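Dropping input34.cif in here (mmCIF, C-alpha atoms and all ligand atoms):
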data_data
#
loop_
_atom_site.group_PDB
_atom_site.id
_atom_site.type_symbol
_atom_site.label_atom_id
_atom_site.label_comp_id
_atom_site.auth_asym_id
_atom_site.auth_seq_id
_atom_site.Cartn_x
_atom_site.Cartn_y
_atom_site.Cartn_z
ATOM 1 C CA MET A 1 -36.650 27.389 -34.088
ATOM 2 C CA LYS A 2 -37.354 29.043 -30.767
ATOM 3 C CA ARG A 3 -39.700 26.206 -29.818
ATOM 4 C CA ALA A 4 -37.073 23.568 -30.699
ATOM 5 C CA ALA A 5 -34.504 25.381 -28.574
ATOM 6 C CA THR A 6 -36.939 25.527 -25.645
ATOM 7 C CA THR A 7 -37.661 21.801 -25.958
ATOM 8 C CA LEU A 8 -33.939 21.048 -25.971
ATOM 9 C CA LEU A 9 -33.391 23.252 -22.925
ATOM 10 C CA MET A 10 -36.244 21.507 -21.083
ATOM 11 C CA SER A 11 -34.729 18.092 -21.897
ATOM 12 C CA VAL A 12 -31.333 19.139 -20.585
ATOM 13 C CA LEU A 13 -32.909 20.562 -17.427
ATOM 14 C CA CYS A 14 -34.839 17.310 -16.942
ATOM 15 C CA LEU A 15 -31.661 15.281 -17.184
ATOM 16 C CA LEU A 16 -29.868 17.564 -14.738
ATOM 17 C CA ILE A 17 -32.702 17.600 -12.225
ATOM 18 C CA THR A 18 -33.573 13.900 -12.276
ATOM 19 C CA GLY A 19 -30.025 12.644 -12.785
ATOM 20 C CA CYS A 20 -31.558 9.985 -15.002
ATOM 21 C CA GLY A 21 -29.471 10.797 -18.050
ATOM 22 C CA ALA A 22 -26.420 8.671 -17.325
ATOM 23 C CA GLU A 23 -28.473 5.569 -16.504
ATOM 24 C CA LYS A 24 -30.824 5.954 -19.478
ATOM 25 C CA GLN A 25 -27.897 6.333 -21.850
ATOM 26 C CA LEU A 26 -26.304 3.049 -20.745
ATOM 27 C CA PRO A 27 -25.904 0.880 -23.823
ATOM 28 C CA SER A 28 -27.028 -2.715 -23.758
ATOM 29 C CA ALA A 29 -24.438 -5.218 -22.553
ATOM 30 C CA ASN A 30 -23.845 -6.595 -26.031
ATOM 31 C CA LYS A 31 -23.135 -3.234 -27.602
ATOM 32 C CA CYS A 32 -19.548 -2.314 -26.857
ATOM 33 C CA PHE A 33 -17.466 0.501 -28.216
ATOM 34 C CA VAL A 34 -13.956 -0.357 -27.029
ATOM 35 C CA ARG A 35 -12.201 -3.715 -26.814
ATOM 36 C CA VAL A 36 -9.829 -3.795 -23.884
ATOM 37 C CA LEU A 37 -7.308 -6.355 -22.761
ATOM 38 C CA SER A 38 -5.850 -6.089 -19.248
ATOM 39 C CA THR A 39 -2.846 -8.128 -18.242
ATOM 40 C CA THR A 40 -4.074 -8.759 -14.671
ATOM 41 C CA GLY A 41 -7.405 -9.151 -12.895
ATOM 42 C CA MET A 42 -6.709 -6.101 -10.731
ATOM 43 C CA ILE A 43 -6.420 -3.928 -13.847
ATOM 44 C CA ASP A 44 -9.524 -5.516 -15.369
ATOM 45 C CA ASP A 45 -11.430 -4.606 -12.207
ATOM 46 C CA ILE A 46 -10.636 -0.907 -12.734
ATOM 47 C CA VAL A 47 -11.543 -1.142 -16.433
ATOM 48 C CA ALA A 48 -14.904 -2.689 -15.484
ATOM 49 C CA LYS A 49 -15.556 0.027 -12.924
ATOM 50 C CA VAL A 50 -14.840 2.843 -15.385
ATOM 51 C CA GLY A 51 -15.852 1.247 -18.675
ATOM 52 C CA GLY A 52 -19.077 -0.518 -17.649
ATOM 53 C CA ASP A 53 -21.158 -1.833 -20.532
ATOM 54 C CA ARG A 54 -19.434 0.285 -23.163
ATOM 55 C CA VAL A 55 -16.312 -1.854 -22.936
ATOM 56 C CA GLU A 56 -15.649 -5.445 -23.980
ATOM 57 C CA ARG A 57 -13.068 -6.805 -21.546
ATOM 58 C CA GLN A 58 -10.587 -9.624 -21.485
ATOM 59 C CA VAL A 59 -7.862 -10.570 -19.008
ATOM 60 C CA LEU A 60 -4.615 -12.143 -20.088
ATOM 61 C CA ILE A 61 -3.219 -13.623 -16.868
ATOM 62 C CA ILE A 62 -6.148 -15.428 -15.290
ATOM 63 C CA GLY A 63 -6.258 -17.345 -12.017
ATOM 64 C CA GLU A 64 -3.476 -18.038 -9.611
ATOM 65 C CA ILE A 65 -0.661 -17.658 -12.103
ATOM 66 C CA ASP A 66 2.507 -15.709 -11.376
ATOM 67 C CA PRO A 67 2.277 -12.508 -13.467
ATOM 68 C CA HIS A 68 6.014 -11.803 -13.107
ATOM 69 C CA GLY A 69 7.678 -13.322 -16.122
ATOM 70 C CA TYR A 70 4.415 -14.585 -17.681
ATOM 71 C CA GLU A 71 5.049 -15.838 -21.222
ATOM 72 C CA LEU A 72 2.421 -15.883 -23.961
ATOM 73 C CA VAL A 73 0.448 -19.087 -24.511
ATOM 74 C CA LYS A 74 -1.690 -20.183 -27.456
ATOM 75 C CA GLY A 75 -4.390 -17.635 -28.209
ATOM 76 C CA ASP A 76 -2.751 -14.745 -26.330
ATOM 77 C CA ASP A 77 -1.352 -13.213 -29.523
ATOM 78 C CA GLU A 78 -4.866 -12.856 -30.955
ATOM 79 C CA LYS A 79 -6.265 -11.451 -27.699
ATOM 80 C CA ILE A 80 -3.649 -8.696 -27.791
ATOM 81 C CA SER A 81 -3.862 -7.950 -31.522
ATOM 82 C CA GLU A 82 -7.666 -7.771 -31.512
ATOM 83 C CA SER A 83 -7.817 -5.250 -28.664
ATOM 84 C CA ASP A 84 -8.094 -1.507 -29.160
ATOM 85 C CA LEU A 85 -6.397 -0.885 -25.826
ATOM 86 C CA VAL A 86 -4.022 -2.994 -23.755
ATOM 87 C CA PHE A 87 -3.613 -1.911 -20.146
ATOM 88 C CA PHE A 88 -0.635 -3.374 -18.347
ATOM 89 C CA ASN A 89 0.867 -2.833 -14.915
ATOM 90 C CA GLY A 90 4.403 -1.989 -16.017
ATOM 91 C CA LEU A 91 7.142 -1.191 -13.460
ATOM 92 C CA ASN A 92 8.670 -4.423 -14.719
ATOM 93 C CA LEU A 93 5.826 -6.665 -13.516
ATOM 94 C CA GLU A 94 5.248 -8.230 -16.919
ATOM 95 C CA HIS A 95 8.859 -9.038 -17.737
ATOM 96 C CA GLY A 96 8.323 -12.269 -19.693
ATOM 97 C CA ALA A 97 10.106 -11.632 -23.033
ATOM 98 C CA SER A 98 7.269 -12.737 -25.342
ATOM 99 C CA LEU A 99 4.626 -10.697 -23.515
ATOM 100 C CA ARG A 100 6.831 -7.631 -23.230
ATOM 101 C CA TYR A 101 7.633 -7.716 -26.921
ATOM 102 C CA LYS A 102 3.967 -8.018 -27.879
ATOM 103 C CA ILE A 103 2.970 -5.200 -25.538
ATOM 104 C CA ILE A 104 5.551 -2.698 -26.733
ATOM 105 C CA SER A 105 4.609 -3.325 -30.343
ATOM 106 C CA HIS A 106 0.894 -2.604 -29.705
ATOM 107 C CA ALA A 107 -0.084 0.997 -30.528
ATOM 108 C CA GLY A 108 -2.788 1.082 -27.836
ATOM 109 C CA ALA A 109 -0.717 -0.312 -24.948
ATOM 110 C CA ILE A 110 -0.672 1.786 -21.786
ATOM 111 C CA SER A 111 1.454 1.195 -18.702
ATOM 112 C CA LEU A 112 -0.586 2.208 -15.660
ATOM 113 C CA GLY A 113 2.370 1.882 -13.295
ATOM 114 C CA ASP A 114 4.490 4.204 -15.410
ATOM 115 C CA PHE A 115 1.699 6.775 -15.320
ATOM 116 C CA VAL A 116 1.760 6.652 -11.503
ATOM 117 C CA LEU A 117 5.571 6.763 -11.435
ATOM 118 C CA LYS A 118 5.598 9.865 -13.622
ATOM 119 C CA LYS A 119 2.817 11.720 -11.838
ATOM 120 C CA TYR A 120 3.442 10.596 -8.237
ATOM 121 C CA PRO A 121 7.143 9.585 -8.190
ATOM 122 C CA GLU A 122 7.437 9.947 -4.422
ATOM 123 C CA GLU A 123 4.847 7.187 -3.912
ATOM 124 C CA ILE A 124 6.716 4.475 -5.824
ATOM 125 C CA LEU A 125 9.022 2.182 -3.839
ATOM 126 C CA PHE A 126 12.389 1.022 -5.139
ATOM 127 C CA ASP A 127 14.865 -1.679 -4.278
ATOM 128 C CA ASP A 128 18.043 -0.055 -5.559
ATOM 129 C CA THR A 129 16.989 0.934 -9.081
ATOM 130 C CA GLN A 130 14.240 -1.675 -9.387
ATOM 131 C CA PRO A 131 10.689 -0.319 -8.908
ATOM 132 C CA ASP A 132 8.291 -2.361 -6.792
ATOM 133 C CA PRO A 133 5.470 -3.229 -9.228
ATOM 134 C CA HIS A 134 2.860 -4.257 -6.594
ATOM 135 C CA ILE A 135 1.108 -0.874 -6.554
ATOM 136 C CA TRP A 136 -2.389 -2.403 -6.382
ATOM 137 C CA MET A 137 -1.721 -3.454 -2.779
ATOM 138 C CA ASP A 138 -2.412 0.121 -1.579
ATOM 139 C CA VAL A 139 -5.952 1.041 -2.618
ATOM 140 C CA SER A 140 -5.282 4.793 -2.517
ATOM 141 C CA LEU A 141 -2.293 4.301 -4.820
ATOM 142 C CA TRP A 142 -4.211 2.013 -7.167
ATOM 143 C CA ALA A 143 -6.969 4.642 -7.383
ATOM 144 C CA HIS A 144 -4.452 6.804 -9.319
ATOM 145 C CA VAL A 145 -4.733 4.418 -12.273
ATOM 146 C CA ILE A 146 -8.385 5.350 -12.775
ATOM 147 C CA GLU A 147 -7.194 8.518 -14.543
ATOM 148 C CA PRO A 148 -5.208 6.931 -17.400
ATOM 149 C CA VAL A 149 -7.962 4.314 -17.874
ATOM 150 C CA LEU A 150 -10.603 7.052 -18.080
ATOM 151 C CA ASN A 151 -8.510 9.153 -20.478
ATOM 152 C CA ALA A 152 -7.780 6.250 -22.814
ATOM 153 C CA LEU A 153 -11.408 5.052 -22.929
ATOM 154 C CA ALA A 154 -12.727 8.577 -23.521
ATOM 155 C CA ALA A 155 -10.196 9.126 -26.333
ATOM 156 C CA LYS A 156 -11.270 5.899 -28.065
ATOM 157 C CA ASP A 157 -14.966 6.458 -27.462
ATOM 158 C CA PRO A 158 -15.604 10.235 -27.116
ATOM 159 C CA LYS A 159 -19.383 9.774 -26.985
ATOM 160 C CA GLY A 160 -18.978 7.815 -23.774
ATOM 161 C CA LYS A 161 -16.821 10.443 -22.062
ATOM 162 C CA GLU A 162 -19.468 11.620 -19.623
ATOM 163 C CA TYR A 163 -20.491 8.033 -18.861
ATOM 164 C CA TYR A 164 -16.873 7.082 -18.080
ATOM 165 C CA GLU A 165 -16.344 10.203 -15.990
ATOM 166 C CA THR A 166 -19.387 9.488 -13.824
ATOM 167 C CA ARG A 167 -18.271 5.898 -13.241
ATOM 168 C CA ALA A 168 -14.653 6.946 -12.599
ATOM 169 C CA HIS A 169 -15.800 9.402 -9.962
ATOM 170 C CA LEU A 170 -17.888 6.726 -8.209
ATOM 171 C CA ALA A 171 -15.012 4.240 -8.377
ATOM 172 C CA HIS A 172 -12.676 6.775 -6.813
ATOM 173 C CA GLU A 173 -15.103 7.465 -3.979
ATOM 174 C CA LYS A 174 -15.584 3.759 -3.273
ATOM 175 C CA MET A 175 -11.843 3.075 -3.285
ATOM 176 C CA THR A 176 -11.175 5.982 -0.928
ATOM 177 C CA GLU A 177 -13.792 4.592 1.448
ATOM 178 C CA ILE A 178 -12.347 1.057 1.378
ATOM 179 C CA HIS A 179 -8.814 2.400 1.796
ATOM 180 C CA GLN A 180 -9.775 4.277 4.957
ATOM 181 C CA ARG A 181 -11.814 1.376 6.308
ATOM 182 C CA THR A 182 -8.939 -1.079 5.740
ATOM 183 C CA ARG A 183 -6.455 1.158 7.525
ATOM 184 C CA HIS A 184 -8.856 1.760 10.379
ATOM 185 C CA LYS A 185 -9.477 -1.931 11.048
ATOM 186 C CA LEU A 186 -5.835 -3.001 10.734
ATOM 187 C CA GLN A 187 -4.678 -0.196 13.011
ATOM 188 C CA LYS A 188 -6.854 -1.712 15.737
ATOM 189 C CA VAL A 189 -4.520 -4.737 15.870
ATOM 190 C CA PRO A 190 -1.908 -4.091 18.607
ATOM 191 C CA GLU A 191 1.219 -2.506 17.185
ATOM 192 C CA SER A 192 3.412 -5.298 18.573
ATOM 193 C CA LEU A 193 1.607 -7.871 16.359
ATOM 194 C CA ARG A 194 1.635 -5.962 13.071
ATOM 195 C CA TYR A 195 4.726 -7.606 11.553
ATOM 196 C CA LEU A 196 4.006 -9.241 8.212
ATOM 197 C CA VAL A 197 6.024 -12.163 6.833
ATOM 198 C CA THR A 198 4.911 -13.401 3.402
ATOM 199 C CA SER A 199 6.400 -15.566 0.626
ATOM 200 C CA HIS A 200 7.643 -12.765 -1.627
ATOM 201 C CA ASP A 201 7.955 -8.980 -1.525
ATOM 202 C CA ALA A 202 4.411 -8.214 -2.662
ATOM 203 C CA PHE A 203 3.217 -6.430 0.474
ATOM 204 C CA ALA A 204 5.450 -3.360 0.850
ATOM 205 C CA TYR A 205 2.785 -0.913 -0.368
ATOM 206 C CA PHE A 206 0.203 -2.700 1.774
ATOM 207 C CA THR A 207 2.453 -2.432 4.834
ATOM 208 C CA ARG A 208 3.170 1.258 4.258
ATOM 209 C CA ALA A 209 -0.528 2.016 3.735
ATOM 210 C CA TYR A 210 -2.137 -0.054 6.470
ATOM 211 C CA LEU A 211 0.224 -1.589 9.019
ATOM 212 C CA CYS A 212 2.548 1.185 10.154
ATOM 213 C CA SER A 213 1.921 4.294 12.215
ATOM 214 C CA ASP A 214 1.934 7.785 10.690
ATOM 215 C CA GLU A 215 5.350 8.429 12.287
ATOM 216 C CA GLU A 216 6.826 5.228 10.836
ATOM 217 C CA ARG A 217 5.596 6.188 7.397
ATOM 218 C CA LYS A 218 7.165 9.623 7.722
ATOM 219 C CA ASP A 219 10.581 8.477 8.954
ATOM 220 C CA GLY A 220 10.762 5.386 6.739
ATOM 221 C CA SER A 221 10.901 2.900 9.626
ATOM 222 C CA TRP A 222 7.680 1.259 8.366
ATOM 223 C CA LYS A 223 9.917 -1.107 6.380
ATOM 224 C CA LYS A 224 10.705 -3.045 9.539
ATOM 225 C CA ARG A 225 7.071 -4.205 9.591
ATOM 226 C CA MET A 226 7.506 -6.613 6.686
ATOM 227 C CA ALA A 227 9.875 -9.335 5.535
ATOM 228 C CA ALA A 228 9.844 -11.999 2.812
ATOM 229 C CA PRO A 229 12.350 -14.659 1.828
ATOM 230 C CA GLU A 230 11.813 -14.020 -1.896
ATOM 231 C CA GLY A 231 12.132 -10.680 -3.729
ATOM 232 C CA PHE A 232 9.740 -8.772 -6.018
ATOM 233 C CA SER A 233 9.497 -11.763 -8.323
ATOM 234 C CA PRO A 234 9.129 -15.169 -6.601
ATOM 235 C CA ASP A 235 11.687 -17.635 -7.926
ATOM 236 C CA GLY A 236 11.844 -20.334 -5.251
ATOM 237 C CA GLN A 237 15.591 -19.825 -4.859
ATOM 238 C CA LEU A 238 16.106 -19.686 -1.121
ATOM 239 C CA GLY A 239 19.684 -19.668 0.112
ATOM 240 C CA ALA A 240 20.830 -20.384 3.684
ATOM 241 C CA ALA A 241 21.471 -16.656 4.239
ATOM 242 C CA ASP A 242 17.916 -15.712 3.117
ATOM 243 C CA LEU A 243 16.503 -18.310 5.461
ATOM 244 C CA GLN A 244 18.602 -17.115 8.391
ATOM 245 C CA LYS A 245 17.632 -13.497 7.746
ATOM 246 C CA ILE A 246 13.923 -14.319 8.100
ATOM 247 C CA VAL A 247 14.457 -16.546 11.145
ATOM 248 C CA ASP A 248 16.359 -13.672 12.806
ATOM 249 C CA TYR A 249 13.499 -11.341 11.894
ATOM 250 C CA LEU A 250 10.959 -13.693 13.524
ATOM 251 C CA VAL A 251 13.048 -13.719 16.696
ATOM 252 C CA GLU A 252 13.613 -9.948 16.772
ATOM 253 C CA TYR A 253 9.951 -9.012 16.351
ATOM 254 C CA ARG A 254 8.464 -12.075 18.082
ATOM 255 C CA VAL A 255 6.474 -13.057 15.024
ATOM 256 C CA HIS A 256 4.388 -16.195 15.572
ATOM 257 C CA VAL A 257 2.661 -16.585 12.209
ATOM 258 C CA VAL A 258 3.824 -16.361 8.591
ATOM 259 C CA PHE A 259 1.572 -16.003 5.536
ATOM 260 C CA PRO A 260 1.720 -18.024 2.323
ATOM 261 C CA GLU A 261 0.412 -16.423 -0.863
ATOM 262 C CA SER A 262 -2.134 -17.987 -3.184
ATOM 263 C CA ASN A 263 0.062 -18.024 -6.300
ATOM 264 C CA VAL A 264 3.453 -18.759 -4.727
ATOM 265 C CA SER A 265 4.792 -22.099 -3.576
ATOM 266 C CA PRO A 266 4.783 -22.229 0.251
ATOM 267 C CA ASP A 267 8.073 -24.205 0.275
ATOM 268 C CA SER A 268 10.227 -21.257 1.387
ATOM 269 C CA LEU A 269 7.921 -20.514 4.296
ATOM 270 C CA ARG A 270 7.780 -24.206 5.240
ATOM 271 C CA LYS A 271 11.569 -24.245 5.514
ATOM 272 C CA ILE A 272 11.458 -21.132 7.670
ATOM 273 C CA VAL A 273 8.817 -22.577 10.000
ATOM 274 C CA PHE A 274 10.838 -25.797 10.244
ATOM 275 C CA ALA A 275 14.094 -23.930 10.999
ATOM 276 C CA SER A 276 12.333 -21.796 13.623
ATOM 277 C CA LYS A 277 10.868 -24.842 15.352
ATOM 278 C CA GLU A 278 14.305 -26.431 15.486
ATOM 279 C CA LYS A 279 15.407 -23.391 17.450
ATOM 280 C CA GLY A 280 12.523 -23.868 19.867
ATOM 281 C CA MET A 281 10.405 -21.010 18.532
ATOM 282 C CA LYS A 282 6.636 -21.215 18.192
ATOM 283 C CA VAL A 283 5.992 -20.181 14.600
ATOM 284 C CA ARG A 284 3.160 -21.466 12.436
ATOM 285 C CA MET A 285 1.945 -20.986 8.900
ATOM 286 C CA SER A 286 -1.426 -19.278 8.421
ATOM 287 C CA SER A 287 -4.037 -21.806 7.296
ATOM 288 C CA GLU A 288 -5.357 -19.268 4.796
ATOM 289 C CA ALA A 289 -3.175 -17.830 2.057
ATOM 290 C CA LEU A 290 -3.128 -14.140 1.219
ATOM 291 C CA TYR A 291 -3.895 -12.804 -2.229
ATOM 292 C CA GLY A 292 -0.981 -10.735 -3.492
ATOM 293 C CA ASP A 293 -0.309 -11.176 -7.194
ATOM 294 C CA SER A 294 -3.743 -12.511 -8.092
ATOM 295 C CA MET A 295 -7.301 -12.260 -6.851
ATOM 296 C CA GLY A 296 -9.429 -15.112 -5.525
ATOM 297 C CA PRO A 297 -11.640 -17.373 -7.658
ATOM 298 C CA GLY A 298 -14.371 -15.614 -9.664
ATOM 299 C CA GLY A 299 -17.590 -15.298 -7.700
ATOM 300 C CA SER A 300 -15.860 -15.623 -4.305
ATOM 301 C CA ALA A 301 -15.579 -12.749 -1.821
ATOM 302 C CA SER A 302 -11.935 -12.233 -2.809
ATOM 303 C CA GLY A 303 -12.674 -12.602 -6.529
ATOM 304 C CA ASN A 304 -12.747 -8.856 -7.129
ATOM 305 C CA TYR A 305 -10.123 -6.244 -6.342
ATOM 306 C CA LEU A 306 -11.635 -4.574 -3.278
ATOM 307 C CA GLY A 307 -12.861 -7.929 -1.976
ATOM 308 C CA MET A 308 -9.308 -9.243 -2.219
ATOM 309 C CA ILE A 309 -7.907 -6.379 -0.124
ATOM 310 C CA ASP A 310 -10.691 -6.855 2.396
ATOM 311 C CA TYR A 311 -10.057 -10.589 2.514
ATOM 312 C CA ASP A 312 -6.326 -10.101 3.139
ATOM 313 C CA ALA A 313 -7.026 -7.630 5.942
ATOM 314 C CA ASP A 314 -9.478 -10.028 7.603
ATOM 315 C CA VAL A 315 -7.070 -12.990 7.372
ATOM 316 C CA LEU A 316 -4.307 -10.918 8.991
ATOM 317 C CA ILE A 317 -6.558 -9.690 11.781
ATOM 318 C CA LYS A 318 -7.817 -13.218 12.482
ATOM 319 C CA GLU A 319 -4.381 -14.864 12.417
ATOM 320 C CA TRP A 320 -2.614 -12.149 14.424
ATOM 321 C CA SER A 321 -5.317 -12.320 17.068
ATOM 322 C CA ARG A 322 -5.095 -16.083 17.577
HETATM 323 ZN ZN ZN B 1 4.602 -10.299 -7.016
#
What's the C-alpha cells form of this structure?
Ligand SMILES: [Zn+2]
Amino acid sequence: MKRAATTLLMSVLCLLITGCGAEKQLPSANKCFVRVLSTTGMIDDIVAKVGGDRVERQVLIIGEIDPHGYELVKGDDEKISESDLVFFNGLNLEHGASLRYKIISHAGAISLGDFVLKKYPEEILFDDTQPDPHIWMDVSLWAHVIEPVLNALAAKDPKGKEYYETRAHLAHEKMTEIHQRTRHKLQKVPESLRYLVTSHDAFAYFTRAYLCSDEERKDGSWKKRMAAPEGFSPDGQLGAADLQKIVDYLVEYRVHVVFPESNVSPDSLRKIVFASKEKGMKVRMSSEALYGDSMGPGGSASGNYLGMIDYDADVLIKEWSR
C-alpha cells in the first residue's frame, strides 16, 4: 500500500516537474468528447483554442455571409440538434427568426455576448436600447468569452477540465499580447488620420480599443473617430440624409479613404465617394476590404481570428499612410 502511494506520488511529481502531463494526455484527433457548434468563425476560433482535440467543432455561418439575420438552410437543423453545445454571439447578432428559434430551444445553447453583458456591463456599447453585437472587434473584450467556453466544456467533459484550463490560460495570454500589439501599432498612425469610415457599424469596439487616445476613451469623445452609412445590421438602405451625414463627416475630419467590408456590398460607400468627388473632395475607396463580420478565407493570413484583427490593422495603417 505504502509502495503504491509512493509510486503515485513520484508520478505526480514527475508530471509537475517536467510539465509533460498535459501534452501526454492529449487525446488523438479522432477521439472527441464534446460536439460543439458555433454560429460564427470568431466563436469557433475560441472553441478551438480552448477545446483542442477533445472537441469536435462545426461552424454554422461559414464564409463571407452576413451573420445578422442569417436564416437556417438545409442541413443546419441537424448540425444544431446533433451538438452537445451551441455557442452563439447573442446581443441580437443572430436575429434571423429560424435560427433564433432553433437556438433558444436547444438545451446546450450559450450566448457568449450575454455573458459579457452580465459580467462586464460597462464594456458593452448601446445605440439607444440596442446592444452593439460586434464584441469580437476588441480582442481584450473577446478574451472575456474564453471563460464561458471553458466552463461549458469542463461541465460536459469533466475529465478534460485541466486540459481546457491550460489551453484557456494560453489563449488568454496570446490574446492579451495581440491586443496590446495592435493598439501599439495603430497608435503610431498620426492622430489626425485615425478616422475610420466603413460600410456598417461593425467597428465601434475596434475604434474604442485601438484608434482613440486614453482621454477620448475616458470622456466618450472616441465616437467621433468612426462613422458608417449603415447601422449595426447592414441592410443596403441608404437615404439621402445618411449619405449627407457621411459626406459632412469626411469634410469635417478631412478623411481621404473609406473602407469596404468583405461581407457587405460596397454600394453605399461607392455613392459616398461619388458624392464627395462631385463636391471636389479627394476621397477614395480602399482597394482592400476589412474583415468585420466574418474572417478571411481558410488558410489565409486573415482566416483565423487574431490574423483577421492583424490584417485589418495592417490595411488601415497602409491606407492611412498613402
Ligand atoms: Zn455586423
Protein and nucleic acid residues near (-5.7, -14.5, -24.6) (cut-off 10 Å, all atoms listed in the file) as a VMD selection string | chain A and resid 37 to 39 58 to 62 72 to 82
What do you get as a list of chain:residue names if you pick all residues at most 8 Å from ligand ZN 1 (chain B), counting all atoms listed in the file?
-> A:Asp66, A:Pro67, A:His68, A:Leu93, A:Pro133, A:His134, A:His200, A:Asp201, A:Ala202, A:Phe232, A:Ser233, A:Pro234, A:Gly292, A:Asp293
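Counting all atoms listed in the file and comparing A:Leu269, A:Val257, A:Met226, A:Ala301, the residue that lies closest to A:Asp242 is A:Leu269.
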Which residues fall under the PyMOL selection byres (((chain A and resi 91) around 9) and not hetatm) in this file, as a PyMOL selection string?
-> chain A and resi 89-90+92-94+111-114+117+130-134
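We find atom CA of A:Pro297 and atom CA of A:Gly63 to be spaced 6.9 Å apart.
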Do you have the atom CA of A:Ile43-atom CA of A:Ser83 distance handy?
-> 14.9 Å
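Within the 7 Å cut-off around A:Leu85, using all atoms listed in the file and omitting residues fewer than 3 positions from it on the same chain, the listed residues are A:Arg35, A:Val36, A:Leu37, A:Gly108, A:Ala109.
Candidate residues A:Ile317, A:Tyr305, A:Gly299, A:Phe259 were compared for distance to A:His184, and the nearest is A:Ile317, using all atoms listed in the file.
The closest residue to A:Gly52, picked from A:Lys318, A:Arg167, A:Lys31, A:Lys218 and counting all atoms listed in the file, is A:Arg167.
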Output the residue selection produced by the PyMOL selection byres (((chain A and resi 258) around 10) and not hetatm) on the file above, formatted as number ranges by chain.
-> A: 195-199, 227-228, 250, 255-257, 259-260, 269-270, 272-273, 283-287, 289, 316, 319-320
Expansion of the PyMOL selection byres (((chain A and resi 207) around 8) and not hetatm) into residues, as a VMD selection string | chain A and resid 196 203 to 206 208 to 212 222 to 223 225 to 226
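In this model, the gap between atom CA of A:Ile246 and atom CA of A:Leu290 comes to 18.4 Å.
Nearest to A:Ala107 of all the residues A:Lys174, A:Phe33, A:Asp127, A:Asp84 is A:Asp84, counting only C-alpha atoms.
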Hey, which of A:Ser262, A:Val50, A:Ser213, A:His144 ends up closest to A:Gly296? Count all atoms listed in the file.
-> A:Ser262
Would you compute an axis-aligned box for stretch 264-274 of chain A, covering every atom listed for it in the file with 3 Å of margin on each side, and report centre and edge lengths in Å to one decimal as AutoDock Vina command-line options?
--center_x 7.5 --center_y -22.3 --center_z 2.8 --size_x 14.1 --size_y 13.0 --size_z 21.0
